[in-house]
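Take a look at the structure below.
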Amino acid sequence: MTRLFLLAVCSFCTLAVPALGQTQVTVMGVIDAYVGTLRNSGDATRRNVVGSGGMTTSYFGFKGREELGGGLRAEFALTGSFLVDTGASGRFAGDPMFSRDANVALAGPFGRLMFGRAAAPNFLSNVQFNPFGNSFTFSPLMLHSYIPSGPAGARNWTPSSAGDSGWSNQIAYTTPEVNGLKASVHFQPGERQGLAGMNNIAANVFYARGPLALTAFVHRVRESNPNQGNPIIDAMRAPINYAAVDNQRAYFGGIAYDFAAVKLYATFQRTFNNTPTGLHMNDRVASVGLSSRQGPGSVLFGYANTRRDGSLFGPERTRATATLGYLYPASKRSELYVLAMTDRVSGKPRATSAATGIRHSF
């Protein structure tokens, strides 16, 4: 069924350009695979793997636009993640095929109005302000923001950002860029009968001028993604009842400065998680990083530290993660990389991971 669907979409893309004239359709994606040894702090055992997405989550898809006249245009995006090592669709079992993008938009001098599934308003701020981009496997900031440690039902650590890195059922407005500054507002209705207040709302801002880049976002999350109705952080209930959290407020700021020889990054985030019974859990997430041209490639370094406390969680505990890597451009579209990471959660042994892989864009 999946193959028939993809063949139908490809056939449409082939026919669309000559039939509609002004419609432009692009096929795009990234294939990223690595071989490595992985162990996060608190994991019972080490895993030796051929994995997918060492530097970038592998994905494929289609995007297009049609000029409507008067400076207006219609745009669409259909992109989905997949696992290179198994060929399975999605980032994980149960992830929708087009979990990365499934949206349509109207854009023009007024800005851009988008409907559908797309990146969460917190996602690009995290991705663009750390040297490892959207590496959910080795970027310290992305790991702390989005990835739990330990198996389901026995987490050693849960992510700081609630509601996933993508939001479904979005309505998002983005302003035109003015002197390097643009902003977006996002709303996701929960779409659950009798629970109108279970929705997500957020805003972000980006500034880029010369070597300086700045970002900030604020969000209030009450609905889970990609599947609505699940706990917004984690389903684990004991010994810490993370599943009880039904409301998160987050505030994030980031800065990057390119000195030509080296680019520096820094971010800070506060999150406030609350339960219906009044228990709470708070995070303070700080990260720093750099990217430096060395020879034909770039040396990458990142560090993130999260401090967590609150009546739901108990005494303060921390997680500290550092990654060192080298990225080598083998061609315009293909890059080779080698990565090494150390990870430590309070009360758990330090753990290490390492990998080498290839990322190809098309």
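Every chain in the structure tokens takes a letter, A first, then B, and so on in the order presented; its residues are numbered from 1, and the ligands are numbered from 1 following the presented order.
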
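The helix (DSSP H, G or I) portion of range 55-166 of chain A consists of Phe123, Leu124, Ser125, Asn126, Val127, Gln128, Pro140, Leu141, Met142, Leu143, His144, Ser145 and Tyr146 of chain A, with states taken from DSSP on the backbone.
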
For range 26-38 of chain A: contacts at 10 Å, only C-alpha atoms, fewer than 6 positions along chain excluded, given as JSON, numbers by chain: {"A": [10, 13, 45, 46, 47, 48, 49, 50, 51, 52, 53, 54, 55, 56, 57, 58, 59, 60, 61, 62, 63, 64, 65, 77, 78, 79, 80, 81, 82, 83, 84, 85, 137, 138, 333, 334, 335, 336, 337, 338, 339, 340, 341, 351, 352, 353, 354, 355, 356, 357, 358, 359, 360, 361, 362]}

In range 170-316 of chain A, DSSP strand (DSSP E or B) residues written as an NGL selection string: :A and (170-174 or 178 or 181-188 or 200-209 or 212-221 or 247-258 or 262-274 or 280-294 or 297-310 or 314-316)

Non-local contacts of Ala216 in chain A (8 Å; only C-alpha atoms; under 3 positions in same chain excluded) as a PDB file with C-alpha atoms, in the first residue's frame:
ATOM      1  CA  SER A 125      15.642  27.557  17.659  1.00  0.00           C
ATOM      2  CA  ASN A 204       9.214  32.519  18.188  1.00  0.00           C
ATOM      3  CA  VAL A 205      11.518  35.174  16.780  1.00  0.00           C
ATOM      4  CA  PHE A 206      14.710  35.012  14.706  1.00  0.00           C
ATOM      5  CA  TYR A 251      11.113  30.174  27.656  1.00  0.00           C
ATOM      6  CA  PHE A 252      14.198  29.934  25.447  1.00  0.00           C
ATOM      7  CA  GLY A 253      16.907  32.289  24.219  1.00  0.00           C
ATOM      8  CA  GLY A 254      19.853  31.633  21.913  1.00  0.00           C
TER       9      GLY A 254
END

Mind checking which residues fall within 7 Å of Ser165 in chain A, counting only C-alpha atoms, ignoring those fewer than 4 positions away in the same chain, and posting them as a PDB file with C-alpha atoms, in the first residue's frame?
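After the write, around_33.pdb holds the following:
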ATOM      1  CA  ALA A 119       7.982  21.745  12.894  1.00  0.00           C
ATOM      2  CA  ALA A 120       7.110  22.778  16.420  1.00  0.00           C
ATOM      3  CA  PHE A 123      12.405  23.161  16.889  1.00  0.00           C
TER       4      PHE A 123
END

Leu68 in chain A surroundings by only C-alpha atoms, 10 Å radius, close-in-sequence under 6 positions cut, as a VMD selection string: chain A and resid 22 to 23 74 106 to 108

Output file for the selection above: C-alpha atoms, as a JSON list (two decimals), in the first residue's frame:
[["chain", "number", "residue", "atom", "x", "y", "z"],
["A", 22, "GLN", "CA", 3.73, 27.91, -12.93],
["A", 23, "THR", "CA", 3.72, 25.10, -10.37],
["A", 74, "ALA", "CA", 0.41, 28.76, -2.73],
["A", 106, "LEU", "CA", -0.61, 31.00, 1.41],
["A", 107, "ALA", "CA", 2.34, 33.40, 1.22],
["A", 108, "GLY", "CA", 2.90, 36.91, -0.04]]
